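A quick write-up on the structure given underneath.
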Amino acid sequence: MSRLLIKHARVIDPSQRLDEGLDVLAVDGRIARLAERIEERGAEVIDAAGLVATPGFIDVHTHLREPGFEYKETIASGAAAALAGGFTAVCCMPNTSPVNDTAAVTEFIRKRAEEAGAARVYPIGAVSKGLAGEELAEMGEMVRAGAVAVSDDGQPVRHAYLLRRALEYSLLFGIPVVDHCEDPTLSAGGVMHEGAVSTRLGLRGIPAAAEEVMVARDVTLAGLTGARLHIAHLSTRQSLEWVRRAKNQGLSVSCEVTPHHLALTDAAVSESSYDTNFKMNPPLRSADHVAALLEGVLDGTVDCLATDHAPHHADEKALEFDLAPFGVVGLETAVPVTYDLLVRQHKLPLARFVALWSTNPARLFSLPGGTLKVGSVADLTLLDTEARLPVNPDRFVSRSRNTPFAGRRLRGWPVATILAGKVVWRRERR
Amino acid sequence: MSVAPAPRLRGKDLLGIDPLTAPEIQLILDTADEMAKIAERPIKKVPALRGKTVVNLFLEPSTRTRFSFEMAEKRLSADSLSFSSSGTSVEKGETLLDTARNLEAMQPDFIVIRHRYAGSPHRLAKVLRSSVINAGDGAHEHPTQALLDAMTIRRRLGRLEGLVVAIVGDLEHSRVVRSNVLLLQRMGATVRVAGPPSLVPAQMEAMGCEVHHRMEDAIAGADVVMMLRIQLERQGRMNFPTVREYYDFFALTPERLRLAKRGCLVMHPGPMNRGVEIDSRVADGPQSVILEQVTNGVAVRMAVLYLLAGGNGEPTAD
């Protein structure tokens, strides 16, 4: 019988409206007791005085790159990076090689993740075979093998017809369809947000409308089908308006926003003089969009945060701005970036912050965890909300270093990750 | 003009007009006027850059800009070598930074770079000790073009301050317009731009210029009309119906030129598409200074090389 006792923590669990100083006892990987004072002989004890204990954080949008692009990241390195970023679980996108569009690949990912023994990994299957946007992939087989959602992320589901069928078919399994909203004819050739900065820099822009027309289409189809639609990495004011409208109409529409879209603007491309670590898709938006996203997080329109962790090798990012691949890593910076911005600067209640990273992702993707109720999995994240540290990419556990936050001093860092009642990661003191 | 020239340039590179101050621009233009005198002598060569090495790295097709730089380098006695390719570094299987490191290993004093993609010279300049001169990067900047345009205007009209300059054509894909808008406004001129709305980049007015859609509104009463090249090779993915219709609405014809100020200068960065953006009667007419622009290009590039090499004082003194 393995027992872990976390003592003197400030326990925040939005699923039970809990915010108080408590001890937490985990037995055999499950939450056994929460009480003001617990004494348990023989248990491993963590003194969490001064720390915040929350249900484990869950990132519903990561790219683990395996199979196919192991030089960028592997399931093992990505799952370990997740732990080091305070995440106990991640959902990984299917744009690998081969694509995760069959039960066999889904099973491979699950098996690799199990071998790695790091964060829990939940595969997201492809909507279409080969991400080609033509025919539905075998959704049911993938769900049976462990897929928790479907998405063609990296690209949109181009044809409205196919998305309609995917949404309808998903009703059989009750899983969300996650869409990367981008009209490729409007975004073609674009490498950053279209606006005053792209004009000045002479870079081809991706207009906000490229995302917004797809979000409008998608929520319309969510209305038609009644299925669960989740908008990935939402980045513009009008996209958020469409989601708000859909929610007001009672549709099952949810959305996520990434830390970089909240913390940075397109001005960073100019200020960094074309640094490709500021190139991602959707692109960093102008300040008015960023203000709208922040408002959406504060007023609850945004359901959850997600990293869109997209590792790329340094050699790929060393290319010309136009040629470098889109994407930035996020697992090891997401929590401090969002804590510092949302809780410290914008006074978001800590319980809401925890809901955005844990309770809500668990609910939207029907995942274990996201709660510390007795009997649930003992996945926890311990936060030191006072710790103030610089982002040091050289210390990343991820195989890639392509972060836009290098050197930033941020407050509020994860210090330990607990998975099924075991301490699986602790921040080293330096 | 009202601006006193700077004693020298601050940076090691010339990446664009954007980083230059008005006194620095003034210094380059004044120096270029001096350089122009060298071309009028029987022996058109001075030893100012003797022993300096220049690499001309042209990763996008260009004839006139490359020749102009080579001419400038020869007149200053620099040793130069030119590399032309339409391929990018990645097409050669090499990253941009590897290209840079390889060049650096040969210890050139200057790297003049023309690149298809915006920002490439800036990324090179960050890691190189050599002076990097931007000879055009994507749709971003073409600083020596704007400088030679300014030199031409100043020699003809005596000043830049207070002038109205109209720039007409494909604004979206033009690096010439961006550098010119920055330079002319910094030197006190008013800039009006015009082009089909489908070729005006987003929020261009944020650069401080007046943005017009009808060409006539931009050139009315202007002191200078600068026409931009329509890139015919983009045909098919151009943002207007046909070249024929473009001529109808946006070509500089003798009739349209009459809307401008009497004696208005006609400019074009070249190469021209006669009968597309400019009528031959205007291109070859008395108000055209298009060939003077080419002549002044050499002087401006000499001035830039000379100043970045740390030159001060009289370049022809020794």
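Quick note on naming: the chains in the structure tokens go A, B, ... in the order shown, residues restart at 1 in each chain, and ligands are numbered from 1 in order of appearance.
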Do you know which residues are at most 12 Å from Pro7 in chain B counting only C-alpha atoms, after dropping those on the same chain fewer than 3 positions away, and could you put them as a list in words? Ala4, Arg10, Thr21, Pro23, Glu24, Ile25, Gln26, Leu27, Ile28, Asp30, Thr31, Leu307, Gly310, Gly311, Asn312 and Gly313 of chain B
Give the residues of chain B that lie within 10 Å of chain A; count only C-alpha atoms, and format the answer as a ChimeraX atom specification. /B:18,88-90,94-98,115-124,126,137-141,171-175,178-179,182,200-207
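Near Ala36 in chain B, within 10 Å and counting only C-alpha atoms, sit Lys44, Thr295, Asn296, Gly297, Val298, Ala299, Val300, Met302 and Ala303 of chain B; same-chain residues fewer than 6 positions away were not included.
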Once DSSP has gone over the backbone, tell me which residues of range 36-108 of chain A are in strand (DSSP E or B), as a list in words. Glu44, Val45, Ile46, Asp47, Val52, Ala53, Thr54, Pro55, Phe57, Ile58, Asp59, Val60, His61, Thr62, Phe87, Thr88, Ala89, Val90, Cys91 and Cys92 of chain A
Range 36-41 of chain A environment, 12 Å, only C-alpha atoms, sequence neighbours closer than 2 positions dropped, as a short mmCIF file (atom, residue, chain, number, x, y, z; two decimals) with N, CA, C and O atoms, in the first residue's frame:
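What follows is the written file selection.cif:
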```
data_model
loop_
_atom_site.label_atom_id
_atom_site.label_comp_id
_atom_site.auth_asym_id
_atom_site.auth_seq_id
_atom_site.Cartn_x
_atom_site.Cartn_y
_atom_site.Cartn_z
N SER A 2 0.83 2.04 -1.05
CA SER A 2 1.66 3.24 -1.09
C SER A 2 0.85 4.44 -0.62
O SER A 2 -0.32 4.59 -0.98
N ARG A 3 1.47 5.19 0.24
CA ARG A 3 0.75 6.33 0.82
C ARG A 3 1.58 7.60 0.73
O ARG A 3 2.78 7.58 1.01
N LEU A 4 0.93 8.67 0.34
CA LEU A 4 1.61 9.96 0.26
C LEU A 4 0.78 10.98 1.03
O LEU A 4 -0.43 11.08 0.83
N LEU A 5 1.46 11.70 1.89
CA LEU A 5 0.75 12.70 2.70
C LEU A 5 1.33 14.09 2.40
O LEU A 5 2.52 14.33 2.60
N ILE A 6 0.48 14.96 1.89
CA ILE A 6 0.91 16.33 1.61
C ILE A 6 0.41 17.19 2.76
O ILE A 6 -0.80 17.26 3.01
N LYS A 7 1.33 17.83 3.44
CA LYS A 7 0.94 18.57 4.64
C LYS A 7 1.03 20.08 4.46
O LYS A 7 1.89 20.58 3.75
N HIS A 8 0.11 20.74 5.11
CA HIS A 8 0.13 22.22 5.25
C HIS A 8 -0.03 22.96 3.93
O HIS A 8 0.43 24.08 3.80
N ALA A 9 -0.63 22.33 2.94
CA ALA A 9 -0.79 23.02 1.66
C ALA A 9 -2.03 23.90 1.68
O ALA A 9 -2.97 23.66 2.44
N ARG A 10 -2.00 24.94 0.85
CA ARG A 10 -3.25 25.65 0.57
C ARG A 10 -3.88 24.87 -0.58
O ARG A 10 -3.38 24.89 -1.70
N VAL A 11 -4.96 24.15 -0.31
CA VAL A 11 -5.56 23.27 -1.32
C VAL A 11 -6.64 24.04 -2.09
O VAL A 11 -7.56 24.59 -1.48
N ASP A 19 -10.87 26.05 -1.04
CA ASP A 19 -9.67 26.88 -0.96
C ASP A 19 -9.34 27.04 0.52
O ASP A 19 -9.79 28.00 1.15
N GLU A 20 -8.62 26.09 1.06
CA GLU A 20 -8.24 26.20 2.47
C GLU A 20 -6.97 25.42 2.78
O GLU A 20 -6.53 24.60 1.98
N GLY A 21 -6.41 25.71 3.96
CA GLY A 21 -5.20 25.02 4.38
C GLY A 21 -5.56 23.60 4.82
O GLY A 21 -6.31 23.42 5.77
N LEU A 22 -5.06 22.60 4.09
CA LEU A 22 -5.44 21.22 4.39
C LEU A 22 -4.26 20.28 4.20
O LEU A 22 -3.29 20.62 3.55
N ASP A 23 -4.41 19.08 4.75
CA ASP A 23 -3.51 17.99 4.43
C ASP A 23 -4.25 17.07 3.45
O ASP A 23 -5.47 16.95 3.52
N VAL A 24 -3.48 16.47 2.55
CA VAL A 24 -4.09 15.58 1.57
C VAL A 24 -3.40 14.22 1.66
O VAL A 24 -2.18 14.14 1.61
N LEU A 25 -4.21 13.19 1.78
CA LEU A 25 -3.64 11.85 1.83
C LEU A 25 -4.04 11.07 0.58
O LEU A 25 -5.22 11.01 0.23
N ALA A 26 -3.02 10.52 -0.08
CA ALA A 26 -3.28 9.67 -1.24
C ALA A 26 -2.89 8.25 -0.89
O ALA A 26 -1.82 8.01 -0.33
N VAL A 27 -3.76 7.33 -1.21
CA VAL A 27 -3.47 5.93 -0.95
C VAL A 27 -3.66 5.15 -2.25
O VAL A 27 -4.71 5.25 -2.88
N ALA A 32 -7.46 9.82 -0.78
CA ALA A 32 -8.13 9.05 0.27
C ALA A 32 -8.80 9.96 1.30
O ALA A 32 -9.86 9.63 1.84
N ARG A 33 -8.14 11.09 1.57
CA ARG A 33 -8.69 11.97 2.61
C ARG A 33 -8.19 13.39 2.42
O ARG A 33 -7.05 13.60 2.04
N LEU A 34 -9.05 14.33 2.76
CA LEU A 34 -8.62 15.73 2.86
C LEU A 34 -9.09 16.20 4.22
O LEU A 34 -10.26 16.04 4.55
N ALA A 43 3.54 6.85 5.88
CA ALA A 43 3.32 7.54 4.60
C ALA A 43 4.53 8.41 4.27
O ALA A 43 5.21 8.92 5.16
N GLU A 44 4.82 8.55 2.98
CA GLU A 44 5.81 9.54 2.56
C GLU A 44 5.18 10.91 2.78
O GLU A 44 4.03 11.13 2.40
N VAL A 45 5.94 11.80 3.41
CA VAL A 45 5.35 13.10 3.75
C VAL A 45 6.03 14.22 2.95
O VAL A 45 7.25 14.25 2.83
#
```
Excluding range 220-224 of chain A and residues on its chain fewer than 6 positions from it, collect all residues at most 12 Å away from it, counting only C-alpha atoms, and give them as an mmCIF file with N, CA and C atoms, in the first residue's frame.
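Contents of out.cif, freshly written:
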```
data_model
loop_
_atom_site.group_PDB
_atom_site.id
_atom_site.type_symbol
_atom_site.label_atom_id
_atom_site.label_comp_id
_atom_site.auth_asym_id
_atom_site.auth_seq_id
_atom_site.Cartn_x
_atom_site.Cartn_y
_atom_site.Cartn_z
ATOM 1 N N HIS A 159 -13.156 21.231 -45.739
ATOM 2 C CA HIS A 159 -14.486 21.184 -46.340
ATOM 3 C C HIS A 159 -15.571 21.163 -45.275
ATOM 4 N N ALA A 160 -16.505 22.069 -45.409
ATOM 5 C CA ALA A 160 -17.603 22.165 -44.454
ATOM 6 C C ALA A 160 -18.353 20.842 -44.377
ATOM 7 N N TYR A 161 -18.472 20.184 -45.511
ATOM 8 C CA TYR A 161 -19.193 18.916 -45.561
ATOM 9 C C TYR A 161 -18.551 17.884 -44.630
ATOM 10 N N LEU A 162 -17.223 17.791 -44.703
ATOM 11 C CA LEU A 162 -16.528 16.793 -43.886
ATOM 12 C C LEU A 162 -16.657 17.118 -42.395
ATOM 13 N N LEU A 163 -16.561 18.398 -42.064
ATOM 14 C CA LEU A 163 -16.689 18.778 -40.655
ATOM 15 C C LEU A 163 -18.091 18.434 -40.160
ATOM 16 N N ARG A 164 -19.075 18.682 -41.003
ATOM 17 C CA ARG A 164 -20.448 18.339 -40.617
ATOM 18 C C ARG A 164 -20.544 16.854 -40.279
ATOM 19 N N ARG A 165 -20.004 16.022 -41.158
ATOM 20 C CA ARG A 165 -20.086 14.578 -40.928
ATOM 21 C C ARG A 165 -19.289 14.171 -39.692
ATOM 22 N N ALA A 166 -18.135 14.795 -39.494
ATOM 23 C CA ALA A 166 -17.310 14.471 -38.324
ATOM 24 C C ALA A 166 -18.054 14.834 -37.039
ATOM 25 N N LEU A 167 -18.670 15.999 -37.037
ATOM 26 C CA LEU A 167 -19.418 16.431 -35.849
ATOM 27 C C LEU A 167 -20.574 15.467 -35.582
ATOM 28 N N GLU A 168 -21.303 15.131 -36.636
ATOM 29 C CA GLU A 168 -22.429 14.202 -36.469
ATOM 30 C C GLU A 168 -21.952 12.858 -35.932
ATOM 31 N N SER A 170 -19.321 12.134 -34.337
ATOM 32 C CA SER A 170 -18.733 12.201 -32.993
ATOM 33 C C SER A 170 -19.796 12.021 -31.909
ATOM 34 N N LEU A 171 -21.066 12.263 -32.260
ATOM 35 C CA LEU A 171 -22.151 12.119 -31.279
ATOM 36 C C LEU A 171 -22.248 10.677 -30.768
ATOM 37 N N PRO A 176 -15.250 15.536 -28.210
ATOM 38 C CA PRO A 176 -15.225 16.809 -28.931
ATOM 39 C C PRO A 176 -14.453 16.704 -30.248
ATOM 40 N N VAL A 177 -14.900 17.484 -31.211
ATOM 41 C CA VAL A 177 -14.131 17.675 -32.442
ATOM 42 C C VAL A 177 -13.386 18.996 -32.261
ATOM 43 N N VAL A 178 -12.064 18.921 -32.376
ATOM 44 C CA VAL A 178 -11.227 20.104 -32.131
ATOM 45 C C VAL A 178 -10.811 20.667 -33.482
ATOM 46 N N ASP A 179 -11.116 21.927 -33.744
ATOM 47 C CA ASP A 179 -10.744 22.469 -35.052
ATOM 48 C C ASP A 179 -9.737 23.600 -34.944
ATOM 49 N N VAL A 213 -13.644 33.592 -40.181
ATOM 50 C CA VAL A 213 -14.635 33.004 -41.086
ATOM 51 C C VAL A 213 -14.790 31.508 -40.801
ATOM 52 N N MET A 214 -13.712 30.855 -40.382
ATOM 53 C CA MET A 214 -13.801 29.432 -40.071
ATOM 54 C C MET A 214 -14.522 29.205 -38.749
ATOM 55 N N HIS A 230 -14.776 22.105 -30.193
ATOM 56 C CA HIS A 230 -13.787 22.831 -29.390
ATOM 57 C C HIS A 230 -12.866 23.589 -30.348
ATOM 58 N N ILE A 231 -12.776 24.905 -30.165
ATOM 59 C CA ILE A 231 -11.932 25.718 -31.040
ATOM 60 C C ILE A 231 -10.530 25.769 -30.444
ATOM 61 N N TRP A 242 -17.914 35.012 -31.763
ATOM 62 C CA TRP A 242 -18.686 33.887 -32.297
ATOM 63 C C TRP A 242 -18.880 32.824 -31.232
ATOM 64 N N VAL A 243 -17.849 32.571 -30.437
ATOM 65 C CA VAL A 243 -17.951 31.566 -29.377
ATOM 66 C C VAL A 243 -18.943 32.035 -28.311
ATOM 67 N N ARG A 245 -21.442 34.020 -28.683
ATOM 68 C CA ARG A 245 -22.782 33.905 -29.264
ATOM 69 C C ARG A 245 -23.278 32.475 -29.222
ATOM 70 N N ALA A 246 -22.391 31.562 -29.622
ATOM 71 C CA ALA A 246 -22.762 30.146 -29.643
ATOM 72 C C ALA A 246 -23.124 29.665 -28.240
ATOM 73 N N LYS A 247 -22.353 30.118 -27.256
ATOM 74 C CA LYS A 247 -22.634 29.714 -25.875
ATOM 75 C C LYS A 247 -23.976 30.270 -25.407
ATOM 76 N N ASN A 248 -24.233 31.515 -25.795
ATOM 77 C CA ASN A 248 -25.513 32.118 -25.418
ATOM 78 C C ASN A 248 -26.684 31.367 -26.032
ATOM 79 N N GLN A 249 -26.428 30.747 -27.182
ATOM 80 C CA GLN A 249 -27.492 29.961 -27.820
ATOM 81 C C GLN A 249 -27.564 28.549 -27.250
ATOM 82 N N GLY A 250 -26.694 28.270 -26.301
ATOM 83 C CA GLY A 250 -26.741 26.961 -25.658
ATOM 84 C C GLY A 250 -26.025 25.848 -26.415
ATOM 85 N N LEU A 251 -25.188 26.206 -27.374
ATOM 86 C CA LEU A 251 -24.463 25.178 -28.136
ATOM 87 C C LEU A 251 -23.291 24.636 -27.315
ATOM 88 N N SER A 252 -22.866 23.409 -27.661
ATOM 89 C CA SER A 252 -21.721 22.800 -26.973
ATOM 90 C C SER A 252 -20.427 23.253 -27.641
ATOM 91 N N VAL A 253 -20.155 24.512 -27.511
ATOM 92 C CA VAL A 253 -18.953 25.058 -28.128
ATOM 93 C C VAL A 253 -18.022 25.530 -27.023
ATOM 94 N N SER A 254 -16.761 25.145 -27.110
ATOM 95 C CA SER A 254 -15.773 25.592 -26.133
ATOM 96 C C SER A 254 -14.540 26.087 -26.882
#
```
Test item: residues at most 8 Å from Gly133 in chain A, only C-alpha atoms, excluding those fewer than 5 positions along its chain, as a PyMOL selection string: chain A and resi 127-128+152+157-159+162
I want to know what sits within 9 Å of range 105-108 of chain B, based on only C-alpha atoms, with residues of the same chain fewer than 2 positions away left out; could you give that as a ChimeraX atom specification? /B:52-55,100-103,110-111,129-131
Per-residue DSSP, range 36-112 of chain B, filtered to alpha helix (DSSP H), as a PyMOL selection string: chain B and resi 36-38+64-75+96-105
Can you work out the spacing between CA of Ala103 in chain A and CA of Met142 in chain A in Å, to one decimal?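 It comes out at 4.4 Å.
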Measuring atom to atom with only C-alpha atoms, identify which of B:Glu292, B:Asp13, B:Glu70, B:Glu233 is nearest to Arg155 in chain B.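 The shortest atom-to-atom distance to Arg155 in chain B comes from B:Glu292.
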When you count only C-alpha atoms, which of these residues is closest to Thr253 in chain B: B:Leu265, B:Gln231, B:Ala283, B:Val168?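 Nearest candidate to Thr253 in chain B out of B:Leu265, B:Gln231, B:Ala283, B:Val168: B:Ala283.
In this comparison, which uses only C-alpha atoms, the residue of B:Gln145, B:Ser280, B:Asn180, B:Asn56 approaching Arg192 in chain B most closely is B:Asn180.
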Write out, as CSV, each residue of range 242-309 of chain B that has an atom at most 12 Å from range 209-223 of chain B, together with the closest pair of atoms and their distance in Å to one decimal, counting only C-alpha atoms, rows going by chain and rising number.
```
residue,atom,partner,partner_atom,distance
B:Tyr246,CA,B:Met215,CA,11.2
B:Tyr247,CA,B:Met215,CA,11.4
B:Asp248,CA,B:Met215,CA,10.8
B:Phe249,CA,B:Met215,CA,7.4
B:Phe250,CA,B:Met215,CA,6.2
B:Ala251,CA,B:Met215,CA,8.7
B:Leu252,CA,B:Met215,CA,8.9
B:Thr253,CA,B:Glu216,CA,11.1
B:Glu255,CA,B:Glu216,CA,10.4
B:Arg256,CA,B:Glu216,CA,7.0
B:Leu257,CA,B:Ile219,CA,7.7
B:Arg258,CA,B:Ala220,CA,8.5
B:Leu259,CA,B:Ala220,CA,4.9
B:Ala260,CA,B:Gly221,CA,4.2
B:Lys261,CA,B:Gly221,CA,4.5
B:Arg262,CA,B:Asp223,CA,8.0
B:Gly263,CA,B:Asp223,CA,7.6
B:Cys264,CA,B:Asp223,CA,4.7
B:Leu265,CA,B:Asp223,CA,6.5
B:Val266,CA,B:Asp223,CA,9.1
B:Met267,CA,B:Asp223,CA,11.1
B:Glu277,CA,B:Met215,CA,11.4
B:Gln287,CA,B:Asp223,CA,10.9
```
